>>> print(open('my_file-v4.pdb').read())   # PDB, C-alpha atoms, pLDDT in the B column
ATOM      1  CA  MET A   1    -105.680  -7.127  74.049  1.00 47.00           C
ATOM      2  CA  LYS A   2    -104.411  -3.610  74.408  1.00 59.00           C
ATOM      3  CA  TYR A   3    -106.095  -2.371  71.223  1.00 62.00           C
ATOM      4  CA  ASN A   4    -109.404  -4.254  71.348  1.00 63.00           C
ATOM      5  CA  ASN A   5    -111.381  -1.000  71.377  1.00 73.00           C
ATOM      6  CA  TYR A   6    -109.038   0.890  69.071  1.00 84.00           C
ATOM      7  CA  ILE A   7    -110.663   3.427  66.748  1.00 88.00           C
ATOM      8  CA  PRO A   8    -108.623   4.467  63.659  1.00 90.00           C
ATOM      9  CA  SER A   9    -107.328   8.026  63.787  1.00 92.00           C
ATOM     10  CA  ILE A  10    -107.905  10.641  61.095  1.00 94.00           C
ATOM     11  CA  PRO A  11    -104.229  10.612  59.992  1.00 94.00           C
ATOM     12  CA  GLU A  12    -104.347   6.819  59.756  1.00 94.00           C
ATOM     13  CA  ILE A  13    -107.390   6.997  57.477  1.00 96.00           C
ATOM     14  CA  LEU A  14    -106.047   9.860  55.357  1.00 95.00           C
ATOM     15  CA  PHE A  15    -102.708   8.120  54.807  1.00 96.00           C
ATOM     16  CA  LYS A  16    -104.261   5.171  52.937  1.00 97.00           C
ATOM     17  CA  PRO A  17    -105.344   7.053  49.760  1.00 97.00           C
ATOM     18  CA  LEU A  18    -101.772   8.295  49.346  1.00 97.00           C
ATOM     19  CA  LEU A  19    -100.575   4.724  48.803  1.00 97.00           C
ATOM     20  CA  ILE A  20    -103.584   3.794  46.678  1.00 97.00           C
ATOM     21  CA  PHE A  21    -103.072   6.708  44.308  1.00 97.00           C
ATOM     22  CA  THR A  22     -99.272   6.354  44.128  1.00 97.00           C
ATOM     23  CA  ALA A  23     -99.312   2.615  43.470  1.00 96.00           C
ATOM     24  CA  LEU A  24    -102.143   2.620  40.936  1.00 94.00           C
ATOM     25  CA  PHE A  25    -100.833   5.670  39.102  1.00 94.00           C
ATOM     26  CA  GLY A  26     -97.432   4.015  38.841  1.00 93.00           C
ATOM     27  CA  VAL A  27     -99.016   0.763  37.661  1.00 92.00           C
ATOM     28  CA  TYR A  28    -100.936   2.697  35.017  1.00 90.00           C
ATOM     29  CA  LEU A  29     -97.760   4.368  33.748  1.00 89.00           C
ATOM     30  CA  GLN A  30     -95.838   1.081  33.730  1.00 84.00           C
ATOM     31  CA  ALA A  31     -98.683  -0.729  31.976  1.00 82.00           C
ATOM     32  CA  LYS A  32     -98.913   2.045  29.407  1.00 79.00           C
ATOM     33  CA  LEU A  33     -95.192   1.648  28.777  1.00 69.00           C
ATOM     34  CA  ASP A  34     -95.530  -2.139  28.445  1.00 66.00           C
ATOM     35  CA  GLY A  35     -98.292  -2.067  25.872  1.00 62.00           C
ATOM     36  CA  GLY A  36    -101.574  -1.411  27.623  1.00 60.00           C
ATOM     37  CA  PHE A  37    -103.327  -1.216  30.975  1.00 58.00           C
ATOM     38  CA  PHE A  38    -105.517  -4.222  30.220  1.00 61.00           C
ATOM     39  CA  ARG A  39    -102.863  -6.596  28.887  1.00 62.00           C
ATOM     40  CA  THR A  40    -102.798  -9.618  31.192  1.00 59.00           C
ATOM     41  CA  ASN A  41     -99.064 -10.292  30.913  1.00 70.00           C
ATOM     42  CA  VAL A  42     -98.316  -6.822  32.281  1.00 75.00           C
ATOM     43  CA  TYR A  43     -99.518  -8.030  35.688  1.00 78.00           C
ATOM     44  CA  LEU A  44     -97.135 -10.993  35.664  1.00 85.00           C
ATOM     45  CA  TYR A  45     -94.316  -8.722  36.828  1.00 89.00           C
ATOM     46  CA  PHE A  46     -93.711  -8.782  40.580  1.00 92.00           C
ATOM     47  CA  THR A  47     -93.580  -4.976  40.675  1.00 92.00           C
ATOM     48  CA  ILE A  48     -97.057  -4.679  39.155  1.00 91.00           C
ATOM     49  CA  PHE A  49     -98.441  -7.559  41.203  1.00 92.00           C
ATOM     50  CA  SER A  50     -97.145  -6.226  44.526  1.00 95.00           C
ATOM     51  CA  ASN A  51     -98.243  -2.633  43.862  1.00 95.00           C
ATOM     52  CA  THR A  52    -101.701  -3.632  42.635  1.00 94.00           C
ATOM     53  CA  GLY A  53    -102.217  -6.123  45.457  1.00 96.00           C
ATOM     54  CA  THR A  54    -101.111  -3.635  48.098  1.00 97.00           C
ATOM     55  CA  ALA A  55    -103.385  -0.936  46.656  1.00 97.00           C
ATOM     56  CA  ILE A  56    -106.370  -3.317  46.840  1.00 97.00           C
ATOM     57  CA  VAL A  57    -105.578  -4.262  50.447  1.00 98.00           C
ATOM     58  CA  PHE A  58    -105.139  -0.597  51.413  1.00 98.00           C
ATOM     59  CA  PHE A  59    -108.443   0.288  49.751  1.00 98.00           C
ATOM     60  CA  LEU A  60    -110.269  -2.374  51.793  1.00 97.00           C
ATOM     61  CA  PHE A  61    -108.553  -1.141  54.970  1.00 97.00           C
ATOM     62  CA  TRP A  62    -109.467   2.443  54.117  1.00 97.00           C
ATOM     63  CA  ILE A  63    -113.161   1.604  53.731  1.00 97.00           C
ATOM     64  CA  LEU A  64    -113.284  -0.508  56.882  1.00 97.00           C
ATOM     65  CA  GLU A  65    -111.363   2.060  58.940  1.00 96.00           C
ATOM     66  CA  ILE A  66    -113.836   4.756  57.918  1.00 96.00           C
ATOM     67  CA  ALA A  67    -116.671   2.425  58.917  1.00 96.00           C
ATOM     68  CA  GLU A  68    -114.986   1.692  62.251  1.00 95.00           C
ATOM     69  CA  ARG A  69    -114.594   5.371  63.039  1.00 94.00           C
ATOM     70  CA  ILE A  70    -118.172   6.217  62.075  1.00 94.00           C
ATOM     71  CA  ASN A  71    -119.876   3.235  63.730  1.00 93.00           C
ATOM     72  CA  LYS A  72    -117.412   2.814  66.625  1.00 90.00           C
ATOM     73  CA  ARG A  73    -117.283  -0.899  65.838  1.00 91.00           C
ATOM     74  CA  LYS A  74    -114.400  -3.201  64.973  1.00 91.00           C
ATOM     75  CA  TYR A  75    -114.496  -4.645  61.433  1.00 93.00           C
ATOM     76  CA  LEU A  76    -110.825  -5.359  60.751  1.00 94.00           C
ATOM     77  CA  LYS A  77    -109.758  -8.833  61.874  1.00 93.00           C
ATOM     78  CA  PRO A  78    -106.266  -9.981  62.912  1.00 92.00           C
ATOM     79  CA  PHE A  79    -105.785 -12.049  59.739  1.00 95.00           C
ATOM     80  CA  MET A  80    -106.385  -8.920  57.654  1.00 96.00           C
ATOM     81  CA  PHE A  81    -103.411  -7.219  59.302  1.00 96.00           C
ATOM     82  CA  THR A  82    -101.328 -10.306  58.557  1.00 96.00           C
ATOM     83  CA  ILE A  83    -102.265 -10.137  54.866  1.00 97.00           C
ATOM     84  CA  LYS A  84    -101.473  -6.413  54.827  1.00 97.00           C
ATOM     85  CA  TYR A  85     -98.078  -7.144  56.376  1.00 97.00           C
ATOM     86  CA  MET A  86     -97.360  -9.773  53.703  1.00 96.00           C
ATOM     87  CA  PHE A  87     -98.057  -7.303  50.895  1.00 97.00           C
ATOM     88  CA  THR A  88     -96.037  -4.612  52.670  1.00 96.00           C
ATOM     89  CA  ALA A  89     -93.111  -7.029  52.875  1.00 96.00           C
ATOM     90  CA  ALA A  90     -93.545  -7.869  49.176  1.00 95.00           C
ATOM     91  CA  LEU A  91     -93.512  -4.189  48.269  1.00 95.00           C
ATOM     92  CA  SER A  92     -90.353  -3.624  50.312  1.00 95.00           C
ATOM     93  CA  ILE A  93     -88.724  -6.459  48.341  1.00 93.00           C
ATOM     94  CA  THR A  94     -89.743  -4.654  45.159  1.00 93.00           C
ATOM     95  CA  LEU A  95     -87.831  -1.600  46.356  1.00 93.00           C
ATOM     96  CA  VAL A  96     -84.652  -3.468  47.315  1.00 92.00           C
ATOM     97  CA  VAL A  97     -84.523  -5.789  44.294  1.00 89.00           C
ATOM     98  CA  SER A  98     -85.190  -2.982  41.836  1.00 88.00           C
ATOM     99  CA  ALA A  99     -82.531  -0.791  43.449  1.00 87.00           C
ATOM    100  CA  THR A 100     -79.842  -3.488  43.612  1.00 87.00           C
ATOM    101  CA  LEU A 101     -80.484  -5.999  40.813  1.00 84.00           C
ATOM    102  CA  LEU A 102     -82.412  -4.051  38.171  1.00 82.00           C
ATOM    103  CA  ALA A 103     -81.375  -0.394  38.461  1.00 84.00           C
ATOM    104  CA  PRO A 104     -77.822  -0.989  37.136  1.00 84.00           C
ATOM    105  CA  PHE A 105     -79.332  -2.068  33.796  1.00 81.00           C
ATOM    106  CA  LYS A 106     -81.632   0.953  33.445  1.00 84.00           C
ATOM    107  CA  ASP A 107     -80.786   4.362  32.056  1.00 85.00           C
ATOM    108  CA  MET A 108     -80.946   7.464  34.235  1.00 86.00           C
ATOM    109  CA  THR A 109     -83.967   8.830  32.398  1.00 88.00           C
ATOM    110  CA  TYR A 110     -86.021   5.818  33.424  1.00 81.00           C
ATOM    111  CA  LEU A 111     -84.641   5.656  36.974  1.00 86.00           C
ATOM    112  CA  PHE A 112     -85.750   9.232  37.704  1.00 88.00           C
ATOM    113  CA  SER A 113     -89.044   8.943  35.839  1.00 91.00           C
ATOM    114  CA  VAL A 114     -92.399   9.072  37.627  1.00 92.00           C
ATOM    115  CA  LYS A 115     -93.306   5.586  36.384  1.00 88.00           C
ATOM    116  CA  ASN A 116     -90.241   4.136  38.089  1.00 89.00           C
ATOM    117  CA  LEU A 117     -90.226   6.212  41.278  1.00 93.00           C
ATOM    118  CA  THR A 118     -93.906   5.600  42.073  1.00 94.00           C
ATOM    119  CA  VAL A 119     -93.902   1.794  42.010  1.00 94.00           C
ATOM    120  CA  HIS A 120     -90.304   1.119  43.060  1.00 94.00           C
ATOM    121  CA  ILE A 121     -89.628   3.843  45.633  1.00 95.00           C
ATOM    122  CA  PHE A 122     -92.588   5.949  46.790  1.00 96.00           C
ATOM    123  CA  ALA A 123     -95.275   3.252  47.119  1.00 97.00           C
ATOM    124  CA  PRO A 124     -93.000   0.846  49.054  1.00 96.00           C
ATOM    125  CA  LEU A 125     -91.881   3.602  51.440  1.00 97.00           C
ATOM    126  CA  ILE A 126     -95.470   4.729  52.049  1.00 97.00           C
ATOM    127  CA  ALA A 127     -96.571   1.136  52.720  1.00 97.00           C
ATOM    128  CA  VAL A 128     -93.726   0.563  55.181  1.00 97.00           C
ATOM    129  CA  LEU A 129     -94.408   3.846  57.004  1.00 96.00           C
ATOM    130  CA  ASP A 130     -98.111   3.028  57.260  1.00 97.00           C
ATOM    131  CA  PHE A 131     -97.291  -0.387  58.719  1.00 97.00           C
ATOM    132  CA  LEU A 132     -94.777   0.936  61.235  1.00 96.00           C
ATOM    133  CA  ILE A 133     -96.730   3.990  62.368  1.00 94.00           C
ATOM    134  CA  PHE A 134    -100.366   2.947  62.271  1.00 94.00           C
ATOM    135  CA  ASP A 135    -100.949  -0.818  62.399  1.00 93.00           C
ATOM    136  CA  LYS A 136    -101.312  -0.900  66.176  1.00 90.00           C
ATOM    137  CA  ARG A 137    -103.544  -3.989  66.053  1.00 91.00           C
ATOM    138  CA  PHE A 138    -100.976  -6.056  64.168  1.00 92.00           C
ATOM    139  CA  HIS A 139    -100.211  -9.172  66.226  1.00 89.00           C
ATOM    140  CA  ILE A 140     -96.470  -9.808  66.194  1.00 90.00           C
ATOM    141  CA  LYS A 141     -95.694 -13.537  66.217  1.00 91.00           C
ATOM    142  CA  TRP A 142     -92.343 -15.282  65.935  1.00 90.00           C
ATOM    143  CA  TYR A 143     -93.238 -16.732  62.512  1.00 93.00           C
ATOM    144  CA  MET A 144     -94.160 -13.403  60.902  1.00 93.00           C
ATOM    145  CA  PRO A 145     -90.834 -13.034  59.028  1.00 92.00           C
ATOM    146  CA  LEU A 146     -91.514 -16.410  57.398  1.00 95.00           C
ATOM    147  CA  LEU A 147     -94.853 -15.104  56.105  1.00 94.00           C
ATOM    148  CA  GLY A 148     -92.917 -12.418  54.270  1.00 92.00           C
ATOM    149  CA  LEU A 149     -91.535 -15.213  52.080  1.00 93.00           C
ATOM    150  CA  VAL A 150     -94.942 -16.501  50.972  1.00 95.00           C
ATOM    151  CA  LEU A 151     -95.753 -14.036  48.175  1.00 95.00           C
ATOM    152  CA  PRO A 152     -92.214 -13.909  46.668  1.00 94.00           C
ATOM    153  CA  ALA A 153     -91.974 -17.720  46.806  1.00 94.00           C
ATOM    154  CA  ALA A 154     -95.410 -18.216  45.229  1.00 94.00           C
ATOM    155  CA  TYR A 155     -94.559 -15.677  42.536  1.00 94.00           C
ATOM    156  CA  SER A 156     -91.225 -17.369  41.788  1.00 94.00           C
ATOM    157  CA  VAL A 157     -92.816 -20.797  41.412  1.00 93.00           C
ATOM    158  CA  LEU A 158     -95.596 -19.453  39.193  1.00 92.00           C
ATOM    159  CA  THR A 159     -93.117 -17.484  37.071  1.00 92.00           C
ATOM    160  CA  ILE A 160     -90.889 -20.500  36.472  1.00 92.00           C
ATOM    161  CA  LEU A 161     -93.880 -22.675  35.570  1.00 92.00           C
ATOM    162  CA  LEU A 162     -95.140 -20.036  33.132  1.00 90.00           C
ATOM    163  CA  SER A 163     -91.696 -19.705  31.548  1.00 89.00           C
ATOM    164  CA  ILE A 164     -91.464 -23.475  31.101  1.00 88.00           C
ATOM    165  CA  ARG A 165     -94.802 -23.345  29.314  1.00 88.00           C
ATOM    166  CA  GLY A 166     -93.454 -20.593  27.082  1.00 85.00           C
ATOM    167  CA  ILE A 167     -95.655 -17.725  28.274  1.00 84.00           C
ATOM    168  CA  HIS A 168     -94.248 -14.454  26.932  1.00 83.00           C
ATOM    169  CA  TYR A 169     -94.048 -11.245  28.924  1.00 81.00           C
ATOM    170  CA  SER A 170     -94.458  -7.714  27.665  1.00 75.00           C
ATOM    171  CA  ASN A 171     -90.671  -7.478  27.269  1.00 72.00           C
ATOM    172  CA  GLY A 172     -90.879 -10.140  24.540  1.00 79.00           C
ATOM    173  CA  THR A 173     -89.134 -12.892  26.521  1.00 84.00           C
ATOM    174  CA  ILE A 174     -90.371 -15.884  28.532  1.00 87.00           C
ATOM    175  CA  TYR A 175     -89.027 -14.443  31.768  1.00 87.00           C
ATOM    176  CA  PRO A 176     -89.894 -11.141  33.516  1.00 88.00           C
ATOM    177  CA  TYR A 177     -86.436 -10.539  35.013  1.00 89.00           C
ATOM    178  CA  TYR A 178     -83.008 -11.731  33.911  1.00 89.00           C
ATOM    179  CA  PHE A 179     -82.424 -13.801  37.073  1.00 90.00           C
ATOM    180  CA  PHE A 180     -85.340 -16.057  36.036  1.00 90.00           C
ATOM    181  CA  ASN A 181     -83.706 -16.870  32.684  1.00 90.00           C
ATOM    182  CA  TRP A 182     -83.046 -20.567  33.372  1.00 89.00           C
ATOM    183  CA  ARG A 183     -82.347 -21.309  29.702  1.00 88.00           C
ATOM    184  CA  ASP A 184     -79.254 -19.083  29.573  1.00 89.00           C
ATOM    185  CA  LEU A 185     -78.181 -19.124  33.214  1.00 91.00           C
ATOM    186  CA  GLY A 186     -78.985 -22.734  34.043  1.00 90.00           C
ATOM    187  CA  TRP A 187     -80.192 -23.776  37.478  1.00 92.00           C
ATOM    188  CA  TRP A 188     -77.081 -24.256  39.616  1.00 94.00           C
ATOM    189  CA  THR A 189     -74.364 -22.633  37.530  1.00 92.00           C
ATOM    190  CA  PHE A 190     -71.742 -20.969  39.690  1.00 90.00           C
ATOM    191  CA  SER A 191     -68.925 -18.998  38.082  1.00 84.00           C
ATOM    192  CA  LYS A 192     -67.409 -15.513  37.995  1.00 78.00           C
ATOM    193  CA  THR A 193     -69.603 -14.532  35.046  1.00 83.00           C
ATOM    194  CA  CYS A 194     -72.764 -16.545  35.620  1.00 87.00           C
ATOM    195  CA  LEU A 195     -75.046 -17.463  38.496  1.00 91.00           C
ATOM    196  CA  GLY A 196     -77.814 -20.027  38.060  1.00 93.00           C
ATOM    197  CA  VAL A 197     -81.487 -19.335  38.730  1.00 93.00           C
ATOM    198  CA  GLY A 198     -81.472 -21.599  41.772  1.00 94.00           C
ATOM    199  CA  TRP A 199     -78.808 -19.442  43.428  1.00 94.00           C
ATOM    200  CA  TRP A 200     -80.707 -16.278  42.539  1.00 93.00           C
ATOM    201  CA  LEU A 201     -83.825 -17.696  44.192  1.00 94.00           C
ATOM    202  CA  ILE A 202     -81.859 -18.459  47.349  1.00 95.00           C
ATOM    203  CA  ILE A 203     -80.393 -14.946  47.377  1.00 93.00           C
ATOM    204  CA  ILE A 204     -83.796 -13.333  46.905  1.00 92.00           C
ATOM    205  CA  GLY A 205     -85.268 -15.626  49.565  1.00 93.00           C
ATOM    206  CA  VAL A 206     -82.582 -14.626  52.079  1.00 94.00           C
ATOM    207  CA  VAL A 207     -83.080 -10.935  51.263  1.00 92.00           C
ATOM    208  CA  SER A 208     -86.849 -11.360  51.679  1.00 93.00           C
ATOM    209  CA  LEU A 209     -86.389 -13.032  55.054  1.00 94.00           C
ATOM    210  CA  ILE A 210     -84.037 -10.284  56.228  1.00 94.00           C
ATOM    211  CA  LEU A 211     -86.436  -7.525  55.109  1.00 94.00           C
ATOM    212  CA  SER A 212     -89.388  -9.249  56.780  1.00 95.00           C
ATOM    213  CA  SER A 213     -87.385  -9.655  59.986  1.00 95.00           C
ATOM    214  CA  VAL A 214     -86.362  -5.993  59.942  1.00 95.00           C
ATOM    215  CA  LEU A 215     -90.003  -4.960  59.480  1.00 95.00           C
ATOM    216  CA  THR A 216     -91.273  -7.033  62.387  1.00 95.00           C
ATOM    217  CA  LEU A 217     -88.382  -6.141  64.707  1.00 95.00           C
ATOM    218  CA  THR A 218     -88.782  -2.434  63.948  1.00 95.00           C
ATOM    219  CA  LYS A 219     -92.524  -2.714  64.506  1.00 95.00           C
ATOM    220  CA  LYS A 220     -91.949  -4.529  67.800  1.00 92.00           C
ATOM    221  CA  THR A 221     -89.509  -1.846  68.937  1.00 92.00           C
ATOM    222  CA  ILE A 222     -91.901   0.964  68.032  1.00 90.00           C
ATOM    223  CA  THR A 223     -94.814  -0.788  69.728  1.00 84.00           C
ATOM    224  CA  LYS A 224     -92.860  -1.142  72.950  1.00 75.00           C
TER     225      LYS A 224
END
>>> encode(input="my_file-v4.pdb", output="structure tokens")
Amino acid sequence: MKYNNYIPSIPEILFKPLLIFTALFGVYLQAKLDGGFFRTNVYLYFTIFSNTGTAIVFFLFWILEIAERINKRKYLKPFMFTIKYMFTAALSITLVVSATLLAPFKDMTYLFSVKNLTVHIFAPLIAVLDFLIFDKRFHIKWYMPLLGLVLPAAYSVLTILLSIRGIHYSNGTIYPYYFFNWRDLGWWTFSKTCLGVGWWLIIIGVVSLILSSVLTLTKKTITK
């Protein structure tokens, strides 16, 4: 492979803490708003899950990249770059969904607050830039866009199961976002005023697939 002996650059290593700090600081502010940093149900929101998960992955990459540069040995494996890509795709979905489906229901004070901008705008953009600019050892396969669906799909299934069991979120309801409210929306309702949860899941799935495809195609273009 072209990058078998690749040694991480200084900018590549220094870029990682920027995401780690931004994501975790935003998660802290959001958790504080939702009742406490250590409340379990706070982490049942996709925004918190994707930011926290991405920060953990970036931290592991940061440590291993430092070790690679110091020891001139390769520690990061191909599957690790795949996992990083999956979390990057999930974080990009956080940005798009929050901007299109959630932002219209938020007031301007919240939209321009640090707690919103960090987890919904800055962290996703940093993650995407890191992926596009630095992940030179990422192996682009035809099925990569499909892997971008894994985390959103798993989250959706888990969320619906938890809501059926009556698990309450920090917003006081049994669903984290309005498009998961199967009790009021139904599953396959289709009208001018109401769209069922099943349709919302299809829409989000299509958006996720498109975003994942854009990420991989852009990466492929840059690599060439």
>>> closest_residue(input="my_file-v4.pdb", among="A:Ile140, A:Leu76, A:Ala90, A:Val57", to="A:Ala154", atoms="all atoms listed in the file")
A:Ala90
>>> closest_residue(input="my_file-v4.pdb", among="A:Asn41, A:Thr189, A:Asn71, A:Ser156", to="A:Thr173", atoms="only C-alpha atoms")
A:Asn41
>>> resolve_selection(input="my_file-v4.pdb", expression="the PyMOL selection byres ((chain A and resi 177) around 10)", output="list of chain:residue names")
A:Tyr45, A:Phe46, A:Leu101, A:Leu102, A:Thr159, A:Tyr169, A:Asn171, A:Thr173, A:Ile174, A:Tyr175, A:Pro176, A:Tyr178, A:Phe179, A:Phe180, A:Asn181
>>> write_last_selection(input="my_file-v4.pdb", atoms="C-alpha atoms", output="compact mmCIF listing (two decimals), in the coordinates of the input")
# COMPACT_ATOMS: atom_id res chain seq x y z
CA TYR A 45 -94.32 -8.72 36.83
CA PHE A 46 -93.71 -8.78 40.58
CA LEU A 101 -80.48 -6.00 40.81
CA LEU A 102 -82.41 -4.05 38.17
CA THR A 159 -93.12 -17.48 37.07
CA TYR A 169 -94.05 -11.24 28.92
CA ASN A 171 -90.67 -7.48 27.27
CA THR A 173 -89.13 -12.89 26.52
CA ILE A 174 -90.37 -15.88 28.53
CA TYR A 175 -89.03 -14.44 31.77
CA PRO A 176 -89.89 -11.14 33.52
CA TYR A 178 -83.01 -11.73 33.91
CA PHE A 179 -82.42 -13.80 37.07
CA PHE A 180 -85.34 -16.06 36.04
CA ASN A 181 -83.71 -16.87 32.68
>>> closest_residue(input="my_file-v4.pdb", among="A:Ala153, A:Val119, A:Ala99, A:Leu185", to="A:Thr47", atoms="all atoms listed in the file")
A:Val119
>>> resolve_selection(input="my_file-v4.pdb", expression="the PyMOL selection byres ((chain A and resi 14) around 12)", output="VMD selection string")
chain A and resid 8 to 13 15 to 21 58 to 59 61 to 63 65 to 66 130 134
>>> atom_distance(input="my_file-v4.pdb", atom1="atom CA of A:Phe81", atom2="atom CA of A:Val96")
22.6 Å
>>> residues_around(input="my_file-v4.pdb", residues="A:Pro124", least_positions_apart="3", cutoff="10 Å", atoms="only C-alpha atoms", output="count of residues only")
25
>>> atom_distance(input="my_file-v4.pdb", atom1="atom CA of A:Asp107", atom2="atom CA of A:Gln30")
15.5 Å
>>> atom_distance(input="my_file-v4.pdb", atom1="atom CA of A:Leu151", atom2="atom CA of A:Lys77")
20.3 Å
>>> closest_residue(input="my_file-v4.pdb", among="A:Ile210, A:Ile204, A:Ala31, A:Ile70", to="A:Val97", atoms="all atoms listed in the file")
A:Ile204
>>> closest_residue(input="my_file-v4.pdb", among="A:Ser163, A:Val42, A:Leu215, A:Gly186", to="A:Leu125", atoms="only C-alpha atoms")
A:Leu215
>>> closest_residue(input="my_file-v4.pdb", among="A:Tyr85, A:Tyr43, A:Phe138, A:Trp188", to="A:Tyr6", atoms="only C-alpha atoms")
A:Phe138
>>> resolve_selection(input="my_file-v4.pdb", expression="the PyMOL selection byres ((chain A and resi 213) around 12)", output="PyMOL selection string")
chain A and resi 85-86+89+92+140-149+206-212+214-220
